[in-house]
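The next block is start.cif, given as mmCIF, C-alpha atoms and all ligand atoms.
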```cif
data_structure
#
loop_
_atom_site.group_PDB
_atom_site.id
_atom_site.type_symbol
_atom_site.label_atom_id
_atom_site.label_comp_id
_atom_site.auth_asym_id
_atom_site.auth_seq_id
_atom_site.Cartn_x
_atom_site.Cartn_y
_atom_site.Cartn_z
ATOM 1 C CA MET A 1 -30.751 6.472 -25.239
ATOM 2 C CA THR A 2 -33.475 8.791 -26.510
ATOM 3 C CA THR A 3 -35.816 10.789 -24.322
ATOM 4 C CA GLU A 4 -38.705 8.531 -25.347
ATOM 5 C CA ASN A 5 -37.195 5.356 -23.940
ATOM 6 C CA LYS A 6 -35.506 6.967 -20.957
ATOM 7 C CA HIS A 7 -36.331 4.949 -17.877
ATOM 8 C CA ARG A 8 -37.227 6.365 -14.488
ATOM 9 C CA THR A 9 -34.256 7.797 -12.569
ATOM 10 C CA MET A 10 -32.977 5.117 -10.199
ATOM 11 C CA VAL A 11 -32.140 5.868 -6.564
ATOM 12 C CA ALA A 12 -29.334 4.090 -4.731
ATOM 13 C CA PRO A 13 -29.017 4.888 -1.006
ATOM 14 C CA SER A 14 -25.399 4.625 0.134
ATOM 15 C CA ILE A 15 -25.201 2.613 3.348
ATOM 16 C CA LEU A 16 -22.013 4.443 4.271
ATOM 17 C CA SER A 17 -24.398 6.923 5.934
ATOM 18 C CA ALA A 18 -26.448 4.204 7.683
ATOM 19 C CA ASP A 19 -26.101 3.074 11.284
ATOM 20 C CA PHE A 20 -23.805 0.046 10.833
ATOM 21 C CA GLY A 21 -25.141 -1.498 14.029
ATOM 22 C CA ARG A 22 -28.633 -1.641 12.548
ATOM 23 C CA MET A 23 -27.774 -2.346 8.926
ATOM 24 C CA ASN A 24 -30.616 -4.728 8.125
ATOM 25 C CA GLU A 25 -33.264 -2.348 9.477
ATOM 26 C CA GLU A 26 -31.666 0.587 7.679
ATOM 27 C CA ILE A 27 -31.785 -1.262 4.346
ATOM 28 C CA ALA A 28 -35.354 -2.438 4.968
ATOM 29 C CA ARG A 29 -36.317 1.167 5.689
ATOM 30 C CA MET A 30 -34.828 2.361 2.380
ATOM 31 C CA LYS A 31 -36.633 -0.418 0.545
ATOM 32 C CA GLN A 32 -39.872 0.659 2.188
ATOM 33 C CA CYS A 33 -39.160 4.236 1.075
ATOM 34 C CA GLY A 34 -38.936 3.151 -2.574
ATOM 35 C CA ALA A 35 -35.173 2.802 -3.194
ATOM 36 C CA ASP A 36 -34.198 0.799 -6.288
ATOM 37 C CA ILE A 37 -30.810 -0.602 -5.340
ATOM 38 C CA ILE A 38 -28.525 -0.452 -2.298
ATOM 39 C CA HIS A 39 -25.109 1.185 -2.809
ATOM 40 C CA CYS A 40 -22.362 -0.488 -0.746
ATOM 41 C CA ASP A 41 -19.040 1.364 -0.413
ATOM 42 C CA VAL A 42 -16.062 -0.937 0.098
ATOM 43 C CA MET A 43 -12.910 0.947 1.196
ATOM 44 C CA ASP A 44 -9.501 -0.501 1.955
ATOM 45 C CA GLY A 45 -7.566 2.336 3.629
ATOM 46 C CA ILE A 46 -5.089 2.278 0.711
ATOM 47 C CA PHE A 47 -6.911 3.400 -2.416
ATOM 48 C CA VAL A 48 -8.863 5.777 -0.169
ATOM 49 C CA PRO A 49 -8.027 7.057 3.330
ATOM 50 C CA ASN A 50 -10.906 5.246 5.012
ATOM 51 C CA ILE A 51 -11.905 1.648 5.786
ATOM 52 C CA THR A 52 -15.449 0.306 5.721
ATOM 53 C CA PHE A 53 -16.249 -3.359 5.182
ATOM 54 C CA GLY A 54 -15.588 -6.280 2.833
ATOM 55 C CA PHE A 55 -17.245 -9.320 1.294
ATOM 56 C CA LYS A 56 -18.512 -10.752 4.609
ATOM 57 C CA MET A 57 -20.708 -7.687 5.038
ATOM 58 C CA ILE A 58 -22.019 -8.019 1.474
ATOM 59 C CA SER A 59 -22.928 -11.688 1.919
ATOM 60 C CA ASP A 60 -24.575 -11.025 5.292
ATOM 61 C CA ILE A 61 -26.624 -8.165 3.825
ATOM 62 C CA LYS A 62 -27.555 -10.353 0.862
ATOM 63 C CA LYS A 63 -29.081 -12.956 3.184
ATOM 64 C CA LYS A 64 -31.397 -10.383 4.741
ATOM 65 C CA THR A 65 -32.688 -8.389 1.767
ATOM 66 C CA ASP A 66 -33.986 -8.957 -1.737
ATOM 67 C CA MET A 67 -32.801 -5.503 -2.817
ATOM 68 C CA PRO A 68 -30.125 -5.637 -5.528
ATOM 69 C CA LEU A 69 -26.677 -4.626 -4.268
ATOM 70 C CA ASP A 70 -24.550 -2.045 -6.086
ATOM 71 C CA VAL A 71 -21.051 -2.718 -4.761
ATOM 72 C CA HIS A 72 -18.594 0.157 -5.295
ATOM 73 C CA LEU A 73 -15.044 -1.088 -4.762
ATOM 74 C CA MET A 74 -12.681 1.640 -3.596
ATOM 75 C CA ILE A 75 -9.790 -0.762 -3.222
ATOM 76 C CA ASP A 76 -6.341 -1.027 -4.740
ATOM 77 C CA LYS A 77 -5.976 -3.746 -7.413
ATOM 78 C CA PRO A 78 -9.629 -4.826 -7.397
ATOM 79 C CA GLU A 79 -8.737 -7.787 -9.624
ATOM 80 C CA ARG A 80 -7.491 -9.515 -6.447
ATOM 81 C CA TYR A 81 -10.951 -9.568 -4.878
ATOM 82 C CA ALA A 82 -13.548 -9.186 -7.657
ATOM 83 C CA GLN A 83 -14.446 -12.874 -7.567
ATOM 84 C CA ARG A 84 -14.981 -12.764 -3.804
ATOM 85 C CA PHE A 85 -17.484 -9.917 -4.182
ATOM 86 C CA ILE A 86 -19.246 -11.730 -7.013
ATOM 87 C CA ASP A 87 -19.527 -14.806 -4.797
ATOM 88 C CA ALA A 88 -20.739 -12.666 -1.895
ATOM 89 C CA GLY A 89 -23.764 -11.577 -3.922
ATOM 90 C CA ALA A 90 -22.997 -8.269 -5.636
ATOM 91 C CA ASP A 91 -25.519 -7.550 -8.407
ATOM 92 C CA TRP A 92 -23.528 -4.623 -9.765
ATOM 93 C CA LEU A 93 -19.779 -4.476 -9.196
ATOM 94 C CA THR A 94 -17.875 -1.299 -10.045
ATOM 95 C CA ILE A 95 -14.112 -0.802 -9.973
ATOM 96 C CA HIS A 96 -11.989 2.335 -10.193
ATOM 97 C CA ALA A 97 -9.972 2.962 -13.362
ATOM 98 C CA GLU A 98 -7.247 4.544 -11.168
ATOM 99 C CA ALA A 99 -6.900 1.453 -8.986
ATOM 100 C CA THR A 100 -5.867 -1.101 -11.555
ATOM 101 C CA SER A 101 -3.761 -1.767 -14.621
ATOM 102 C CA GLU A 102 -6.167 -4.602 -15.453
ATOM 103 C CA LEU A 103 -9.355 -2.626 -15.934
ATOM 104 C CA ILE A 104 -10.710 -4.387 -19.014
ATOM 105 C CA PRO A 105 -9.880 -7.988 -17.995
ATOM 106 C CA THR A 106 -11.424 -7.376 -14.567
ATOM 107 C CA LEU A 107 -14.588 -5.895 -16.096
ATOM 108 C CA GLU A 108 -14.752 -8.894 -18.414
ATOM 109 C CA LEU A 109 -14.366 -11.287 -15.503
ATOM 110 C CA ILE A 110 -17.228 -9.580 -13.667
ATOM 111 C CA LYS A 111 -19.440 -9.539 -16.748
ATOM 112 C CA SER A 112 -18.773 -13.187 -17.554
ATOM 113 C CA SER A 113 -20.042 -14.136 -14.093
ATOM 114 C CA GLY A 114 -23.485 -12.860 -15.117
ATOM 115 C CA ILE A 115 -23.647 -9.735 -12.937
ATOM 116 C CA LYS A 116 -23.386 -6.111 -14.093
ATOM 117 C CA CYS A 117 -19.929 -4.588 -14.378
ATOM 118 C CA GLY A 118 -18.901 -0.983 -14.232
ATOM 119 C CA ALA A 119 -15.934 1.371 -14.312
ATOM 120 C CA VAL A 120 -15.620 4.352 -11.951
ATOM 121 C CA ILE A 121 -13.588 7.542 -12.258
ATOM 122 C CA SER A 122 -12.578 9.953 -9.504
ATOM 123 C CA PRO A 123 -12.929 13.734 -9.966
ATOM 124 C CA ASP A 124 -9.408 14.327 -11.328
ATOM 125 C CA THR A 125 -9.457 11.506 -13.881
ATOM 126 C CA SER A 126 -10.241 12.411 -17.475
ATOM 127 C CA VAL A 127 -13.461 10.927 -18.848
ATOM 128 C CA ARG A 128 -11.383 9.887 -21.896
ATOM 129 C CA VAL A 129 -9.850 7.126 -19.766
ATOM 130 C CA LEU A 130 -13.193 5.326 -20.106
ATOM 131 C CA ARG A 131 -13.385 5.288 -23.899
ATOM 132 C CA GLU A 132 -11.784 1.915 -24.317
ATOM 133 C CA CYS A 133 -13.773 0.083 -21.672
ATOM 134 C CA PHE A 134 -17.106 1.860 -22.283
ATOM 135 C CA PRO A 135 -18.441 -0.714 -24.771
ATOM 136 C CA ILE A 136 -18.306 -3.507 -22.184
ATOM 137 C CA CYS A 137 -19.596 -1.537 -19.184
ATOM 138 C CA ASP A 138 -23.154 -2.021 -17.956
ATOM 139 C CA ILE A 139 -22.650 0.962 -15.663
ATOM 140 C CA VAL A 140 -20.297 3.924 -15.717
ATOM 141 C CA LEU A 141 -19.940 5.654 -12.367
ATOM 142 C CA LEU A 142 -18.775 9.248 -12.081
ATOM 143 C CA MET A 143 -17.515 10.358 -8.676
ATOM 144 C CA SER A 144 -18.741 13.861 -7.892
ATOM 145 C CA VAL A 145 -16.672 14.020 -4.667
ATOM 146 C CA TYR A 146 -13.232 12.627 -3.853
ATOM 147 C CA PRO A 147 -13.883 9.019 -2.833
ATOM 148 C CA GLY A 148 -13.502 8.096 0.822
ATOM 149 C CA PHE A 149 -16.181 9.861 2.819
ATOM 150 C CA GLY A 150 -19.893 10.574 2.821
ATOM 151 C CA GLY A 151 -21.410 13.999 3.360
ATOM 152 C CA GLN A 152 -19.045 15.977 1.086
ATOM 153 C CA LYS A 153 -20.035 18.848 -1.173
ATOM 154 C CA PHE A 154 -20.883 18.110 -4.815
ATOM 155 C CA ILE A 155 -18.102 19.211 -7.199
ATOM 156 C CA GLU A 156 -19.904 21.405 -9.740
ATOM 157 C CA ARG A 157 -17.715 20.549 -12.719
ATOM 158 C CA SER A 158 -19.119 17.003 -12.434
ATOM 159 C CA LEU A 159 -22.111 18.292 -14.415
ATOM 160 C CA GLU A 160 -20.069 18.927 -17.534
ATOM 161 C CA ARG A 161 -18.205 15.657 -16.997
ATOM 162 C CA MET A 162 -21.546 13.848 -16.884
ATOM 163 C CA THR A 163 -22.599 15.545 -20.119
ATOM 164 C CA ALA A 164 -19.363 14.339 -21.744
ATOM 165 C CA LEU A 165 -20.040 10.799 -20.504
ATOM 166 C CA LYS A 166 -23.542 10.961 -21.915
ATOM 167 C CA ALA A 167 -22.140 11.879 -25.331
ATOM 168 C CA MET A 168 -19.729 8.952 -25.043
ATOM 169 C CA ARG A 169 -22.559 6.641 -24.062
ATOM 170 C CA ASP A 170 -24.622 7.722 -27.073
ATOM 171 C CA GLU A 171 -21.636 7.043 -29.302
ATOM 172 C CA LEU A 172 -20.234 3.839 -27.796
ATOM 173 C CA ASN A 173 -22.789 1.905 -25.738
ATOM 174 C CA GLU A 174 -26.312 3.147 -25.502
ATOM 175 C CA ASN A 175 -27.219 0.480 -22.952
ATOM 176 C CA ALA A 176 -24.785 1.632 -20.258
ATOM 177 C CA LEU A 177 -26.326 3.286 -17.223
ATOM 178 C CA LEU A 178 -24.694 6.499 -16.018
ATOM 179 C CA GLU A 179 -24.415 6.698 -12.252
ATOM 180 C CA ILE A 180 -23.273 9.599 -10.093
ATOM 181 C CA ASP A 181 -21.950 9.369 -6.557
ATOM 182 C CA GLY A 182 -21.238 12.072 -4.004
ATOM 183 C CA GLY A 183 -22.973 15.171 -2.709
ATOM 184 C CA VAL A 184 -26.322 14.530 -4.412
ATOM 185 C CA THR A 185 -29.053 16.617 -2.767
ATOM 186 C CA ALA A 186 -32.673 17.615 -3.380
ATOM 187 C CA GLU A 187 -31.293 20.921 -4.683
ATOM 188 C CA ASN A 188 -28.855 19.627 -7.302
ATOM 189 C CA ALA A 189 -30.479 16.339 -8.386
ATOM 190 C CA ALA A 190 -32.516 17.839 -11.241
ATOM 191 C CA ALA A 191 -29.440 19.412 -12.857
ATOM 192 C CA ILE A 192 -27.534 16.144 -12.467
ATOM 193 C CA VAL A 193 -30.276 14.190 -14.223
ATOM 194 C CA ARG A 194 -30.482 16.822 -16.963
ATOM 195 C CA ALA A 195 -26.743 16.370 -17.484
ATOM 196 C CA GLY A 196 -27.365 12.667 -18.117
ATOM 197 C CA ALA A 197 -27.388 10.638 -14.887
ATOM 198 C CA ASP A 198 -29.645 7.574 -14.798
ATOM 199 C CA VAL A 199 -28.750 6.479 -11.259
ATOM 200 C CA LEU A 200 -28.375 8.802 -8.264
ATOM 201 C CA VAL A 201 -26.391 7.543 -5.282
ATOM 202 C CA ALA A 202 -27.267 9.421 -2.109
ATOM 203 C CA GLY A 203 -26.014 8.756 1.404
ATOM 204 C CA ASN A 204 -26.304 11.725 3.677
ATOM 205 C CA THR A 205 -29.290 13.217 1.838
ATOM 206 C CA LEU A 206 -31.413 10.097 2.322
ATOM 207 C CA PHE A 207 -30.253 8.821 5.703
ATOM 208 C CA SER A 208 -30.541 12.218 7.367
ATOM 209 C CA ALA A 209 -33.908 13.083 5.767
ATOM 210 C CA ALA A 210 -36.994 13.268 7.960
ATOM 211 C CA HIS A 211 -38.940 11.775 5.046
ATOM 212 C CA PRO A 212 -36.617 9.866 2.716
ATOM 213 C CA GLU A 213 -39.639 8.474 0.857
ATOM 214 C CA LYS A 214 -40.472 11.992 -0.336
ATOM 215 C CA VAL A 215 -36.907 12.612 -1.531
ATOM 216 C CA ILE A 216 -36.878 9.270 -3.363
ATOM 217 C CA GLU A 217 -40.221 10.057 -4.970
ATOM 218 C CA GLU A 218 -38.866 13.411 -6.148
ATOM 219 C CA PHE A 219 -35.736 11.782 -7.554
ATOM 220 C CA HIS A 220 -37.796 9.161 -9.381
ATOM 221 C CA ALA A 221 -39.805 11.877 -11.076
ATOM 222 C CA LEU A 222 -36.752 13.706 -12.503
HETATM 223 C C1 LIG A 301 -17.818 8.229 -1.194
HETATM 224 C C2 LIG A 301 -18.795 7.125 -1.472
HETATM 225 C C3 LIG A 301 -20.181 7.585 -1.638
HETATM 226 C C4 LIG A 301 -20.774 8.262 -0.436
HETATM 227 C C5 LIG A 301 -21.858 9.198 -0.881
HETATM 228 O O1 LIG A 301 -16.533 7.741 -1.324
HETATM 229 O O2 LIG A 301 -18.449 6.420 -2.636
HETATM 230 O O3 LIG A 301 -21.029 6.522 -2.057
HETATM 231 O O4 LIG A 301 -21.285 7.371 0.492
HETATM 232 O O5 LIG A 301 -22.314 9.875 0.218
HETATM 233 P P1 LIG A 301 -23.050 11.277 0.121
HETATM 234 O O6 LIG A 301 -24.271 11.075 -0.711
HETATM 235 O O7 LIG A 301 -23.342 11.604 1.542
HETATM 236 O O8 LIG A 301 -22.083 12.236 -0.531
HETATM 237 ZN ZN ZN A 302 -19.944 5.032 -3.527
#
```
If you took the structure in this file and wrote it as structure tokens, what would it be?
Amino acid sequence: MTTENKHRTMVAPSILSADFGRMNEEIARMKQCGADIIHCDVMDGIFVPNITFGFKMISDIKKKTDMPLDVHLMIDKPERYAQRFIDAGADWLTIHAEATSELIPTLELIKSSGIKCGAVISPDTSVRVLRECFPICDIVLLMSVYPGFGGQKFIERSLERMTALKAMRDELNENALLEIDGGVTAENAAAIVRAGADVLVAGNTLFSAAHPEKVIEEFHAL
């Protein structure tokens, strides 16, 4: 992707930092503030040491909002449940390379259903792991914290990892969006976008902001 046709930076609030008892209002508030897509973190207590919610939550959210849903599966063997999340209304569905030995077939299954598919890597996984699947990914998601919890500190070496992914994108699939997830703040967002990110996930930064609309506006302008 050249600078000339670079789209506006997208902003994806992570509902992990929302009040789960008021989920519909929290999502409506982020829509009102200008968010582009809602990031939904699914955790199984096995792939990551935390549990959040599953496909019932996604389908209930889907009924109450017209925002697209970016569903990030942090579950072991995502091939077991990908179809359930597609049916529940995911618009983007991303799966971890570390969680499956069926990465490419599962991405192909997701893609063939007509929604966007993506591969995710955790901080200790080499970006090279993505080379083979990159051509079929609509999204490539780089974790900039260890998956499992919101509110962690951004791992600085994620910047060079993002730059490496950008080079891979330019070589292998110029249509893939590069997404980053974990520890994104008003202070580090510009450097992250310079490194190549097209989509910024932000949980704590947006849900704890006095004026999330201002943060989203700033992110859009990067
Ligand atoms: C972490 C999740 C993230 C998290 C980001 O495992 O995948 O989406 O909610 O939260 P912040 O932006 O607070 O680091
Ligand atoms: Zn996430």
Min atom-atom distance to A:Ile155 from the set A:Glu174, A:Glu179, A:Asp124, A:Asp198, counting all atoms listed in the file, belongs to A:Asp124
Padding 8 Å on each side, edges along x, y and z: where is the centre of the box around the listed atoms of stretch 177-183 of chain A, and how long are its edges in Å to one decimal? Output it as AutoDock Vina command-line options.
```
--center_x -23.8 --center_y 9.2 --center_z -10.0 --size_x 21.1 --size_y 27.9 --size_z 30.5
```
Using all atoms listed in the file, pick whichever of A:Ile115, A:Cys137, A:Ala210, A:Met143 has the shortest atom-to-atom distance to ligand ZN 302 (chain A).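 Counting all atoms listed in the file, the residue closest to ligand ZN 302 (chain A) is A:Met143.
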Exercise for the section: Take atom CA of A:Ile192 and atom CA of A:His220 and report the distance between them in Å, one decimal. Expected result: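 Answer for the atom CA of A:Ile192 to atom CA of A:His220 separation: 12.8 Å.
The space between atom CA of A:Asp170 and atom O5 of ligand LIG 301 (chain A) spans 27.5 Å.
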* What lies within 12 Å of A:Lys214 using only C-alpha atoms, ignoring chain neighbours under 3 positions off, as a list in words? -> Met30, Gln32, Cys33, Gly34, Ala35, Ala186, Thr205, Leu206, Ala209, Ala210, His211, Glu217, Glu218, Phe219, His220 and Ala221 of chain A
(request) List, as a PyMOL selection string, every residue that the PyMOL selection byres (((not hetatm)) within 6 of (chain A and resi 302)) selects in the file provided. (result) chain A and resi 41+72+181
Please produce a file of the residues just selected, as a PDB file, keeping the file's coordinate frame, where the atoms kept are C-alpha atoms.
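Contents of selection-v3.pdb, as written:
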```pdb
ATOM      1  CA  ASP A  41     -19.040   1.364  -0.413  1.00  0.00           C
ATOM      2  CA  HIS A  72     -18.594   0.157  -5.295  1.00  0.00           C
ATOM      3  CA  ASP A 181     -21.950   9.369  -6.557  1.00  0.00           C
TER       4      ASP A 181
END
```
task: Might you pull out every residue within 7 Å of A:Ile139, with only C-alpha atoms counted and same-chain residues fewer than 4 positions away left off, and present them as an MDAnalysis selection string?
output: chainID A and resid 117:119 176:179
message: Taking all atoms listed in the file into account, list the residues no farther than 7 Å from ligand LIG 301 (chain A), as a list in words.
response: Ser14, Ile15, Leu16, Ser17, His39, Asp41, His72, Val145, Tyr146, Pro147, Gly148, Phe149, Gly150, Gly151, Gln152, Lys153, Asp181, Gly182, Gly183, Val184, Val201, Ala202, Gly203, Asn204 and Thr205 of chain A
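Using only C-alpha atoms, the smallest distance between any of A:Met10, A:Met74, A:Leu141, A:Ile58 and A:Asp91 comes from A:Ile58.
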For the file shown, report as a tab-separated table (two decimals) with C-alpha atoms, in the coordinates of the input the outcome of the PyMOL selection byres (((chain A and resi 37) around 8) and not hetatm) at residue level.
```
chain	number	residue	atom	x	y	z
A	10	MET	CA	-32.98	5.12	-10.20
A	11	VAL	CA	-32.14	5.87	-6.56
A	12	ALA	CA	-29.33	4.09	-4.73
A	13	PRO	CA	-29.02	4.89	-1.01
A	35	ALA	CA	-35.17	2.80	-3.19
A	36	ASP	CA	-34.20	0.80	-6.29
A	38	ILE	CA	-28.52	-0.45	-2.30
A	39	HIS	CA	-25.11	1.18	-2.81
A	67	MET	CA	-32.80	-5.50	-2.82
A	68	PRO	CA	-30.12	-5.64	-5.53
A	69	LEU	CA	-26.68	-4.63	-4.27
A	70	ASP	CA	-24.55	-2.04	-6.09
```
Pick the closest to A:Ile86 from A:Met168, A:Ile61, A:Ala28, A:Ile110: which is it, counting only C-alpha atoms?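 Under the stated criterion, the closest residue is A:Ile110.
Here the question is which of A:Ile75, A:Lys62, A:Ser208, A:Ile216 gets nearest to A:Ile46 using all atoms listed in the file, and that residue is A:Ile75.
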So, counting only C-alpha atoms, which residue among A:Glu25, A:Gly54, A:Leu109, A:Val71 is closest to A:Cys40?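 Distance minimum relative to A:Cys40 lands on A:Val71.
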- request: Check which residues satisfy the PyMOL selection byres (((chain A and resi 164) around 12) and not hetatm) in the file shown, then give them as a list in words.
  value: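 Evaluating the PyMOL selection byres (((chain A and resi 164) around 12) and not hetatm) on this file yields Ser126, Val127, Arg128, Leu130, Arg131, Leu142, Arg157, Ser158, Leu159, Glu160, Arg161, Met162, Thr163, Leu165, Lys166, Ala167, Met168, Arg169, Asp170, Glu171, Leu178, Ala195, Gly196 and Ala197 of chain A.
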What does the distance between atom CA of A:Val199 and atom CA of A:Ser101 come to in Å, to one decimal place?
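These atoms are spaced 26.5 Å apart.
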Around the point (-10.9, 0.3, -20.6) (coordinates from the file), which residues reach within 8 Å if we count all atoms listed in the file? Answer as an MDAnalysis selection string.
chainID A and resid 97 103:104 129:134
Generate a file of the selected residues that holds C-alpha atoms, formatted as a PDB file, in the frame of the given file.
```pdb
ATOM      1  CA  ALA A  97      -9.972   2.962 -13.362  1.00  0.00           C
ATOM      2  CA  LEU A 103      -9.355  -2.626 -15.934  1.00  0.00           C
ATOM      3  CA  ILE A 104     -10.710  -4.387 -19.014  1.00  0.00           C
ATOM      4  CA  VAL A 129      -9.850   7.126 -19.766  1.00  0.00           C
ATOM      5  CA  LEU A 130     -13.193   5.326 -20.106  1.00  0.00           C
ATOM      6  CA  ARG A 131     -13.385   5.288 -23.899  1.00  0.00           C
ATOM      7  CA  GLU A 132     -11.784   1.915 -24.317  1.00  0.00           C
ATOM      8  CA  CYS A 133     -13.773   0.083 -21.672  1.00  0.00           C
ATOM      9  CA  PHE A 134     -17.106   1.860 -22.283  1.00  0.00           C
TER      10      PHE A 134
END
```
Subject >> Residues within 12 Å of (-9.2, 0.3, -7.4), counting only C-alpha atoms, listed as JSON, numbers by chain >> reply: {"A": [42, 43, 44, 45, 46, 47, 48, 72, 73, 74, 75, 76, 77, 78, 79, 80, 81, 82, 93, 94, 95, 96, 97, 98, 99, 100, 101, 102, 103, 106, 107, 118, 119, 120, 121, 122, 147]}
